[in-house]
>>> print(open('query_6.pdb').read())   # PDB, N, CA and C atoms
ATOM      1  N   MET A 133     -14.130  -5.942  -6.919
ATOM      2  CA  MET A 133     -13.929  -5.292  -8.200
ATOM      3  C   MET A 133     -14.794  -4.024  -8.234
ATOM      4  N   PRO A 134     -14.209  -2.885  -8.507
ATOM      5  CA  PRO A 134     -15.015  -1.663  -8.596
ATOM      6  C   PRO A 134     -16.073  -1.782  -9.696
ATOM      7  N   ARG A 135     -17.271  -1.346  -9.360
ATOM      8  CA  ARG A 135     -18.393  -1.459 -10.293
ATOM      9  C   ARG A 135     -18.153  -0.650 -11.564
ATOM     10  N   ARG A 136     -17.545   0.515 -11.443
ATOM     11  CA  ARG A 136     -17.304   1.352 -12.632
ATOM     12  C   ARG A 136     -16.361   0.665 -13.609
ATOM     13  N   LEU A 137     -15.341  -0.030 -13.078
ATOM     14  CA  LEU A 137     -14.421  -0.757 -13.951
ATOM     15  C   LEU A 137     -15.147  -1.886 -14.651
ATOM     16  N   ARG A 138     -15.958  -2.632 -13.907
ATOM     17  CA  ARG A 138     -16.704  -3.739 -14.506
ATOM     18  C   ARG A 138     -17.697  -3.221 -15.543
ATOM     19  N   ASP A 139     -18.328  -2.076 -15.271
ATOM     20  CA  ASP A 139     -19.263  -1.504 -16.240
ATOM     21  C   ASP A 139     -18.536  -1.017 -17.495
ATOM     22  N   PHE A 140     -17.325  -0.505 -17.327
ATOM     23  CA  PHE A 140     -16.594   0.047 -18.467
ATOM     24  C   PHE A 140     -16.019  -1.039 -19.367
ATOM     25  N   VAL A 141     -15.354  -2.028 -18.783
ATOM     26  CA  VAL A 141     -14.700  -3.046 -19.609
ATOM     27  C   VAL A 141     -15.538  -4.300 -19.778
ATOM     28  N   GLY A 142     -16.522  -4.520 -18.926
ATOM     29  CA  GLY A 142     -17.377  -5.689 -19.045
ATOM     30  C   GLY A 142     -16.677  -6.952 -18.577
ATOM     31  N   VAL A 143     -17.399  -8.033 -18.625
ATOM     32  CA  VAL A 143     -16.876  -9.315 -18.157
ATOM     33  C   VAL A 143     -15.735  -9.792 -19.049
ATOM     34  N   PHE A 144     -15.899  -9.663 -20.362
ATOM     35  CA  PHE A 144     -14.849 -10.114 -21.270
ATOM     36  C   PHE A 144     -13.567  -9.308 -21.095
ATOM     37  N   GLY A 145     -13.695  -8.016 -20.865
ATOM     38  CA  GLY A 145     -12.529  -7.181 -20.622
ATOM     39  C   GLY A 145     -11.814  -7.553 -19.334
ATOM     40  N   LEU A 146     -12.609  -7.887 -18.292
ATOM     41  CA  LEU A 146     -11.992  -8.316 -17.031
ATOM     42  C   LEU A 146     -11.258  -9.640 -17.183
ATOM     43  N   VAL A 147     -11.838 -10.556 -17.951
ATOM     44  CA  VAL A 147     -11.150 -11.831 -18.215
ATOM     45  C   VAL A 147      -9.856 -11.573 -18.976
ATOM     46  N   TYR A 148      -9.912 -10.686 -19.964
ATOM     47  CA  TYR A 148      -8.714 -10.338 -20.738
ATOM     48  C   TYR A 148      -7.642  -9.724 -19.822
ATOM     49  N   LEU A 149      -8.043  -8.813 -18.928
ATOM     50  CA  LEU A 149      -7.082  -8.219 -18.003
ATOM     51  C   LEU A 149      -6.468  -9.281 -17.092
ATOM     52  N   GLY A 150      -7.262 -10.235 -16.660
ATOM     53  CA  GLY A 150      -6.746 -11.322 -15.829
ATOM     54  C   GLY A 150      -5.732 -12.180 -16.565
ATOM     55  N   VAL A 151      -6.041 -12.505 -17.813
ATOM     56  CA  VAL A 151      -5.111 -13.303 -18.622
ATOM     57  C   VAL A 151      -3.801 -12.541 -18.838
ATOM     58  N   CYS A 152      -3.906 -11.256 -19.118
ATOM     59  CA  CYS A 152      -2.691 -10.449 -19.313
ATOM     60  C   CYS A 152      -1.867 -10.367 -18.032
ATOM     61  N   ALA A 153      -2.532 -10.256 -16.883
ATOM     62  CA  ALA A 153      -1.809 -10.220 -15.607
ATOM     63  C   ALA A 153      -1.086 -11.538 -15.353
ATOM     64  N   VAL A 154      -1.751 -12.651 -15.631
ATOM     65  CA  VAL A 154      -1.122 -13.963 -15.445
ATOM     66  C   VAL A 154       0.073 -14.112 -16.383
ATOM     67  N   LEU A 155      -0.077 -13.698 -17.631
ATOM     68  CA  LEU A 155       1.038 -13.789 -18.578
ATOM     69  C   LEU A 155       2.215 -12.919 -18.154
ATOM     70  N   LEU A 156       1.927 -11.738 -17.623
ATOM     71  CA  LEU A 156       2.994 -10.839 -17.182
ATOM     72  C   LEU A 156       3.742 -11.428 -15.989
ATOM     73  N   VAL A 157       3.011 -11.990 -15.030
ATOM     74  CA  VAL A 157       3.655 -12.617 -13.877
ATOM     75  C   VAL A 157       4.469 -13.827 -14.328
ATOM     76  N   TRP A 158       3.908 -14.641 -15.198
ATOM     77  CA  TRP A 158       4.621 -15.820 -15.700
ATOM     78  C   TRP A 158       5.916 -15.409 -16.402
ATOM     79  N   ALA A 159       5.840 -14.409 -17.277
ATOM     80  CA  ALA A 159       7.031 -13.978 -18.010
ATOM     81  C   ALA A 159       8.091 -13.426 -17.064
ATOM     82  N   THR A 160       7.663 -12.706 -16.039
ATOM     83  CA  THR A 160       8.616 -12.165 -15.071
ATOM     84  C   THR A 160       9.303 -13.282 -14.297
ATOM     85  N   VAL A 161       8.537 -14.267 -13.847
ATOM     86  CA  VAL A 161       9.118 -15.381 -13.088
ATOM     87  C   VAL A 161      10.087 -16.173 -13.957
ATOM     88  N   VAL A 162       9.711 -16.458 -15.198
ATOM     89  CA  VAL A 162      10.580 -17.225 -16.088
ATOM     90  C   VAL A 162      11.853 -16.448 -16.409
ATOM     91  N   THR A 163      11.731 -15.162 -16.644
ATOM     92  CA  THR A 163      12.891 -14.349 -17.000
ATOM     93  C   THR A 163      13.844 -14.199 -15.819
ATOM     94  N   VAL A 164      13.306 -13.987 -14.632
ATOM     95  CA  VAL A 164      14.165 -13.855 -13.448
ATOM     96  C   VAL A 164      14.845 -15.184 -13.130
ATOM     97  N   GLY A 165      14.146 -16.286 -13.338
ATOM     98  CA  GLY A 165      14.714 -17.603 -13.049
ATOM     99  C   GLY A 165      15.712 -18.087 -14.078
ATOM    100  N   ASP A 166      15.768 -17.446 -15.243
ATOM    101  CA  ASP A 166      16.682 -17.876 -16.304
ATOM    102  C   ASP A 166      17.983 -17.101 -16.177
ATOM    103  N   SER A 167      19.069 -17.798 -15.922
ATOM    104  CA  SER A 167      20.361 -17.130 -15.721
ATOM    105  C   SER A 167      21.129 -16.935 -17.027
ATOM    106  N   SER A 168      20.643 -17.476 -18.128
ATOM    107  CA  SER A 168      21.404 -17.397 -19.368
ATOM    108  C   SER A 168      21.071 -16.158 -20.207
ATOM    109  N   ASP A 169      20.120 -15.327 -19.764
ATOM    110  CA  ASP A 169      19.699 -14.124 -20.496
ATOM    111  C   ASP A 169      19.213 -14.430 -21.902
ATOM    112  N   GLU A 170      18.671 -15.614 -22.112
ATOM    113  CA  GLU A 170      18.160 -15.994 -23.422
ATOM    114  C   GLU A 170      16.647 -16.218 -23.402
ATOM    115  N   SER A 171      15.980 -15.782 -22.352
ATOM    116  CA  SER A 171      14.548 -16.008 -22.220
ATOM    117  C   SER A 171      13.773 -15.099 -23.173
ATOM    118  N   MET A 172      12.854 -15.704 -23.888
ATOM    119  CA  MET A 172      11.975 -14.952 -24.791
ATOM    120  C   MET A 172      10.552 -14.882 -24.230
ATOM    121  N   ALA A 173      10.405 -15.146 -22.933
ATOM    122  CA  ALA A 173       9.080 -15.180 -22.314
ATOM    123  C   ALA A 173       8.403 -13.819 -22.362
ATOM    124  N   GLY A 174       9.156 -12.740 -22.393
ATOM    125  CA  GLY A 174       8.573 -11.398 -22.431
ATOM    126  C   GLY A 174       7.830 -11.095 -23.712
ATOM    127  N   VAL A 175       8.070 -11.873 -24.733
ATOM    128  CA  VAL A 175       7.392 -11.652 -26.010
ATOM    129  C   VAL A 175       5.908 -12.002 -25.916
ATOM    130  N   ILE A 176       5.565 -12.995 -25.114
ATOM    131  CA  ILE A 176       4.182 -13.460 -25.017
ATOM    132  C   ILE A 176       3.251 -12.365 -24.485
ATOM    133  N   PRO A 177       3.568 -11.688 -23.363
ATOM    134  CA  PRO A 177       2.676 -10.609 -22.926
ATOM    135  C   PRO A 177       2.612  -9.447 -23.916
ATOM    136  N   LEU A 178       3.716  -9.166 -24.598
ATOM    137  CA  LEU A 178       3.685  -8.101 -25.601
ATOM    138  C   LEU A 178       2.756  -8.454 -26.760
ATOM    139  N   LEU A 179       2.787  -9.710 -27.188
ATOM    140  CA  LEU A 179       1.897 -10.129 -28.265
ATOM    141  C   LEU A 179       0.443 -10.167 -27.808
ATOM    142  N   ALA A 180       0.215 -10.510 -26.534
ATOM    143  CA  ALA A 180      -1.149 -10.564 -26.018
ATOM    144  C   ALA A 180      -1.764  -9.171 -25.915
ATOM    145  N   THR A 181      -0.943  -8.140 -25.796
ATOM    146  CA  THR A 181      -1.445  -6.772 -25.668
ATOM    147  C   THR A 181      -1.204  -5.941 -26.926
ATOM    148  N   ALA A 182      -0.851  -6.608 -28.007
ATOM    149  CA  ALA A 182      -0.621  -5.913 -29.280
ATOM    150  C   ALA A 182      -1.949  -5.389 -29.802
ATOM    151  N   PRO A 183      -2.002  -4.397 -30.582
ATOM    152  CA  PRO A 183      -0.942  -3.586 -31.167
ATOM    153  C   PRO A 183      -0.514  -2.409 -30.297
ATOM    154  N   THR A 184      -1.259  -2.157 -29.203
ATOM    155  CA  THR A 184      -0.954  -0.991 -28.388
ATOM    156  C   THR A 184       0.429  -1.074 -27.765
ATOM    157  N   SER A 185       0.812  -2.248 -27.306
ATOM    158  CA  SER A 185       2.107  -2.378 -26.644
ATOM    159  C   SER A 185       3.274  -2.152 -27.600
ATOM    160  N   PHE A 186       3.056  -2.349 -28.885
ATOM    161  CA  PHE A 186       4.144  -2.146 -29.853
ATOM    162  C   PHE A 186       4.553  -0.679 -29.961
ATOM    163  N   VAL A 187       3.669   0.233 -29.613
ATOM    164  CA  VAL A 187       3.995   1.664 -29.659
ATOM    165  C   VAL A 187       5.141   1.961 -28.696
ATOM    166  N   PHE A 188       5.151   1.276 -27.570
ATOM    167  CA  PHE A 188       6.169   1.534 -26.558
ATOM    168  C   PHE A 188       7.523   0.915 -26.892
ATOM    169  N   LEU A 189       7.573   0.050 -27.882
ATOM    170  CA  LEU A 189       8.838  -0.589 -28.232
ATOM    171  C   LEU A 189       9.842   0.386 -28.843
ATOM    172  N   ALA A 190       9.379   1.549 -29.258
ATOM    173  CA  ALA A 190      10.287   2.555 -29.805
ATOM    174  C   ALA A 190      11.090   3.243 -28.694
ATOM    175  N   LEU A 191      10.661   3.099 -27.446
ATOM    176  CA  LEU A 191      11.375   3.699 -26.323
ATOM    177  C   LEU A 191      12.587   2.847 -25.953
ATOM    178  N   PRO A 192      13.535   3.410 -25.224
ATOM    179  CA  PRO A 192      14.707   2.628 -24.807
ATOM    180  C   PRO A 192      14.279   1.406 -23.994
ATOM    181  N   ALA A 193      14.924   0.294 -24.238
ATOM    182  CA  ALA A 193      14.524  -0.974 -23.615
ATOM    183  C   ALA A 193      15.010  -1.057 -22.176
ATOM    184  N   ASN A 194      14.080  -1.221 -21.263
ATOM    185  CA  ASN A 194      14.363  -1.551 -19.869
ATOM    186  C   ASN A 194      13.092  -2.125 -19.252
ATOM    187  N   GLY A 195      13.176  -2.531 -18.004
ATOM    188  CA  GLY A 195      12.049  -3.185 -17.353
ATOM    189  C   GLY A 195      10.831  -2.291 -17.195
ATOM    190  N   VAL A 196      11.048  -1.014 -16.913
ATOM    191  CA  VAL A 196       9.932  -0.091 -16.723
ATOM    192  C   VAL A 196       9.148   0.075 -18.016
ATOM    193  N   VAL A 197       9.838   0.212 -19.122
ATOM    194  CA  VAL A 197       9.167   0.356 -20.412
ATOM    195  C   VAL A 197       8.393  -0.912 -20.760
ATOM    196  N   PHE A 198       8.956  -2.075 -20.463
ATOM    197  CA  PHE A 198       8.268  -3.334 -20.733
ATOM    198  C   PHE A 198       6.965  -3.427 -19.953
ATOM    199  N   PHE A 199       7.023  -3.157 -18.639
ATOM    200  CA  PHE A 199       5.816  -3.230 -17.824
ATOM    201  C   PHE A 199       4.803  -2.163 -18.231
ATOM    202  N   THR A 200       5.267  -0.968 -18.552
ATOM    203  CA  THR A 200       4.367   0.094 -19.003
ATOM    204  C   THR A 200       3.690  -0.294 -20.309
ATOM    205  N   ALA A 201       4.445  -0.882 -21.230
ATOM    206  CA  ALA A 201       3.876  -1.295 -22.513
ATOM    207  C   ALA A 201       2.788  -2.334 -22.327
ATOM    208  N   VAL A 202       3.049  -3.328 -21.489
ATOM    209  CA  VAL A 202       2.071  -4.394 -21.279
ATOM    210  C   VAL A 202       0.853  -3.868 -20.530
ATOM    211  N   LEU A 203       1.058  -3.076 -19.491
ATOM    212  CA  LEU A 203      -0.071  -2.557 -18.714
ATOM    213  C   LEU A 203      -0.924  -1.590 -19.528
ATOM    214  N   ALA A 204      -0.297  -0.686 -20.262
ATOM    215  CA  ALA A 204      -1.064   0.249 -21.090
ATOM    216  C   ALA A 204      -1.784  -0.485 -22.216
ATOM    217  N   GLY A 205      -1.108  -1.428 -22.835
ATOM    218  CA  GLY A 205      -1.737  -2.206 -23.900
ATOM    219  C   GLY A 205      -2.926  -2.996 -23.399
ATOM    220  N   ALA A 206      -2.797  -3.607 -22.224
ATOM    221  CA  ALA A 206      -3.904  -4.382 -21.661
ATOM    222  C   ALA A 206      -5.075  -3.474 -21.309
ATOM    223  N   ALA A 207      -4.798  -2.311 -20.728
ATOM    224  CA  ALA A 207      -5.876  -1.393 -20.342
ATOM    225  C   ALA A 207      -6.628  -0.868 -21.565
ATOM    226  N   ILE A 208      -5.904  -0.460 -22.582
ATOM    227  CA  ILE A 208      -6.543   0.078 -23.782
ATOM    228  C   ILE A 208      -7.319  -1.008 -24.515
ATOM    229  N   ASN A 209      -6.716  -2.177 -24.646
ATOM    230  CA  ASN A 209      -7.411  -3.276 -25.321
ATOM    231  C   ASN A 209      -8.643  -3.731 -24.541
ATOM    232  N   ALA A 210      -8.587  -3.735 -23.200
ATOM    233  CA  ALA A 210      -9.757  -4.100 -22.401
ATOM    234  C   ALA A 210     -10.879  -3.090 -22.600
ATOM    235  N   GLY A 211     -10.527  -1.810 -22.701
ATOM    236  CA  GLY A 211     -11.539  -0.800 -22.993
ATOM    237  C   GLY A 211     -12.186  -1.014 -24.353
ATOM    238  N   ILE A 212     -11.398  -1.380 -25.335
ATOM    239  CA  ILE A 212     -11.935  -1.654 -26.675
ATOM    240  C   ILE A 212     -12.815  -2.898 -26.647
ATOM    241  N   ILE A 213     -12.403  -3.919 -25.914
ATOM    242  CA  ILE A 213     -13.211  -5.135 -25.794
ATOM    243  C   ILE A 213     -14.554  -4.806 -25.140
ATOM    244  N   GLY A 214     -14.533  -3.991 -24.095
ATOM    245  CA  GLY A 214     -15.774  -3.584 -23.435
ATOM    246  C   GLY A 214     -16.673  -2.787 -24.356
ATOM    247  N   TRP A 215     -16.092  -1.884 -25.121
ATOM    248  CA  TRP A 215     -16.871  -1.086 -26.074
ATOM    249  C   TRP A 215     -17.523  -1.984 -27.128
ATOM    250  N   CYS A 216     -16.761  -2.936 -27.646
ATOM    251  CA  CYS A 216     -17.312  -3.866 -28.650
ATOM    252  C   CYS A 216     -18.428  -4.728 -28.052
ATOM    253  N   ALA A 217     -18.249  -5.184 -26.829
ATOM    254  CA  ALA A 217     -19.274  -6.008 -26.190
ATOM    255  C   ALA A 217     -20.559  -5.209 -25.983
ATOM    256  N   ARG A 218     -20.438  -3.943 -25.568
ATOM    257  CA  ARG A 218     -21.632  -3.092 -25.408
ATOM    258  C   ARG A 218     -22.306  -2.855 -26.747
ATOM    259  N   ALA A 219     -21.526  -2.626 -27.794
ATOM    260  CA  ALA A 219     -22.103  -2.386 -29.116
ATOM    261  C   ALA A 219     -22.810  -3.629 -29.641
ATOM    262  N   LEU A 220     -22.252  -4.798 -29.410
ATOM    263  CA  LEU A 220     -22.884  -6.036 -29.864
ATOM    264  C   LEU A 220     -24.145  -6.342 -29.063
ATOM    265  N   ARG A 221     -24.139  -6.055 -27.762
ATOM    266  CA  ARG A 221     -25.327  -6.261 -26.949
ATOM    267  C   ARG A 221     -26.455  -5.332 -27.366
ATOM    268  N   ARG A 222     -26.100  -4.098 -27.731
ATOM    269  CA  ARG A 222     -27.083  -3.094 -28.125
ATOM    270  C   ARG A 222     -27.723  -3.462 -29.453
ATOM    271  N   GLY A 223     -26.986  -4.100 -30.322
ATOM    272  CA  GLY A 223     -27.516  -4.490 -31.628
ATOM    273  C   GLY A 223     -27.731  -3.290 -32.524
ATOM    274  N   GLY A 224     -28.883  -3.230 -33.190
ATOM    275  CA  GLY A 224     -29.168  -2.135 -34.116
ATOM    276  C   GLY A 224     -29.794  -0.922 -33.456
ATOM    277  N   ARG A 225     -30.022  -0.982 -32.140
ATOM    278  CA  ARG A 225     -30.629   0.150 -31.441
ATOM    279  C   ARG A 225     -29.614   1.268 -31.266
ATOM    280  N   PRO A 226     -30.061   2.506 -31.273
ATOM    281  CA  PRO A 226     -29.149   3.612 -31.014
ATOM    282  C   PRO A 226     -28.750   3.606 -29.538
ATOM    283  N   PRO A 227     -27.628   4.220 -29.200
ATOM    284  CA  PRO A 227     -27.191   4.246 -27.802
ATOM    285  C   PRO A 227     -28.196   4.971 -26.929
ATOM    286  N   GLU A 228     -28.312   4.502 -25.692
ATOM    287  CA  GLU A 228     -29.228   5.139 -24.746
ATOM    288  C   GLU A 228     -28.604   6.404 -24.201
ATOM    289  N   GLY A 229     -29.423   7.310 -23.786
ATOM    290  CA  GLY A 229     -28.945   8.550 -23.205
ATOM    291  C   GLY A 229     -29.628   9.726 -23.841
ATOM    292  N   PRO A 230     -29.307  10.912 -23.367
ATOM    293  CA  PRO A 230     -29.947  12.110 -23.922
ATOM    294  C   PRO A 230     -29.529  12.371 -25.367
ATOM    295  N   VAL A 231     -30.477  12.796 -26.144
ATOM    296  CA  VAL A 231     -30.196  13.120 -27.534
ATOM    297  C   VAL A 231     -29.804  14.583 -27.596
ATOM    298  N   THR A 232     -28.663  14.829 -28.232
ATOM    299  CA  THR A 232     -28.218  16.218 -28.348
ATOM    300  C   THR A 232     -28.257  16.696 -29.756
TER     301      THR A 232
END
>>> encode(input="query_6.pdb", output="structure tokens")
Amino acid sequence: MPRRLRDFVGVFGLVYLGVCAVLLVWATVVTVGDSSDESMAGVIPLLATAPTSFVFLALPANGVVFFTAVLAGAAINAGIIGWCARALRRGGRPPEGPVT
């Protein structure tokens, strides 16, 4: 795992990205294996990456848009999770770094 990614999203963000990846693979396998075209498995990864993934739902529906929505939603949400974890760890102290 690249150190910069782990530093940016933190452990909780990496766990979230892993869960989203597992859900995306699961939904793809279930949808491909279902011949009746009635699978709703794709809804689960979209809900797991909401609200960011909902922005992409306005685009024309196809597989590329679905994967882009889930991947972008997971990346943005993992960044937010990492930011929140850093802020909670810092507590009431101001952020470290040069004062401008």
>>> atom_distance(input="query_6.pdb", atom1="atom CA of A:Phe198", atom2="atom CA of A:Ser171")
14.2 Å
>>> closest_atom_pairs(input="query_6.pdb", of="stretch 147-181 of chain A", to="stretch 188-197 of chain A", cutoff="12 Å", atoms="only C-alpha atoms", output="JSON lines")
{"residue": "A:Leu156", "atom": "CA", "partner": "A:Gly195", "partner_atom": "CA", "distance": 11.9}
{"residue": "A:Ala159", "atom": "CA", "partner": "A:Gly195", "partner_atom": "CA", "distance": 11.9}
{"residue": "A:Thr160", "atom": "CA", "partner": "A:Gly195", "partner_atom": "CA", "distance": 9.9}
{"residue": "A:Thr163", "atom": "CA", "partner": "A:Gly195", "partner_atom": "CA", "distance": 11.2}
{"residue": "A:Val164", "atom": "CA", "partner": "A:Gly195", "partner_atom": "CA", "distance": 11.6}
{"residue": "A:Gly174", "atom": "CA", "partner": "A:Gly195", "partner_atom": "CA", "distance": 10.3}
{"residue": "A:Val175", "atom": "CA", "partner": "A:Leu189", "partner_atom": "CA", "distance": 11.4}
{"residue": "A:Leu178", "atom": "CA", "partner": "A:Leu189", "partner_atom": "CA", "distance": 9.5}
{"residue": "A:Leu179", "atom": "CA", "partner": "A:Leu189", "partner_atom": "CA", "distance": 11.8}
{"residue": "A:Thr181", "atom": "CA", "partner": "A:Phe188", "partner_atom": "CA", "distance": 11.3}
>>> select_by_dssp(input="query_6.pdb", residues="chain A", states="alpha helix (DSSP H)", output="count of residues only")
69
>>> residues_around(input="query_6.pdb", residues="A:Gly205", least_positions_apart="6", cutoff="8 Å", atoms="all atoms listed in the file", output="PyMOL selection string")
chain A and resi 180-186+199+211
>>> residues_around(input="query_6.pdb", residues="A:Gly142", least_positions_apart="6", cutoff="12 Å", atoms="only C-alpha atoms", output="count of residues only")
17
>>> atom_distance(input="query_6.pdb", atom1="atom CA of A:Glu170", atom2="atom CA of A:Trp158")
15.6 Å
>>> atom_distance(input="query_6.pdb", atom1="atom N of A:Ala207", atom2="atom CA of A:Leu220")
20.6 Å
>>> closest_residue(input="query_6.pdb", among="A:Gly223, A:Gly145, A:Met172, A:Leu137", to="A:Asn209", atoms="only N, CA and C atoms")
A:Gly145
>>> closest_residue(input="query_6.pdb", among="A:Val141, A:Val187, A:Ile208, A:Leu203", to="A:Leu155", atoms="only C-alpha atoms")
A:Leu203
>>> residues_around(input="query_6.pdb", residues="A:Cys152", least_positions_apart="5", cutoff="7 Å", atoms="all atoms listed in the file", output="number ranges by chain")
A: 147, 157, 177, 180, 206
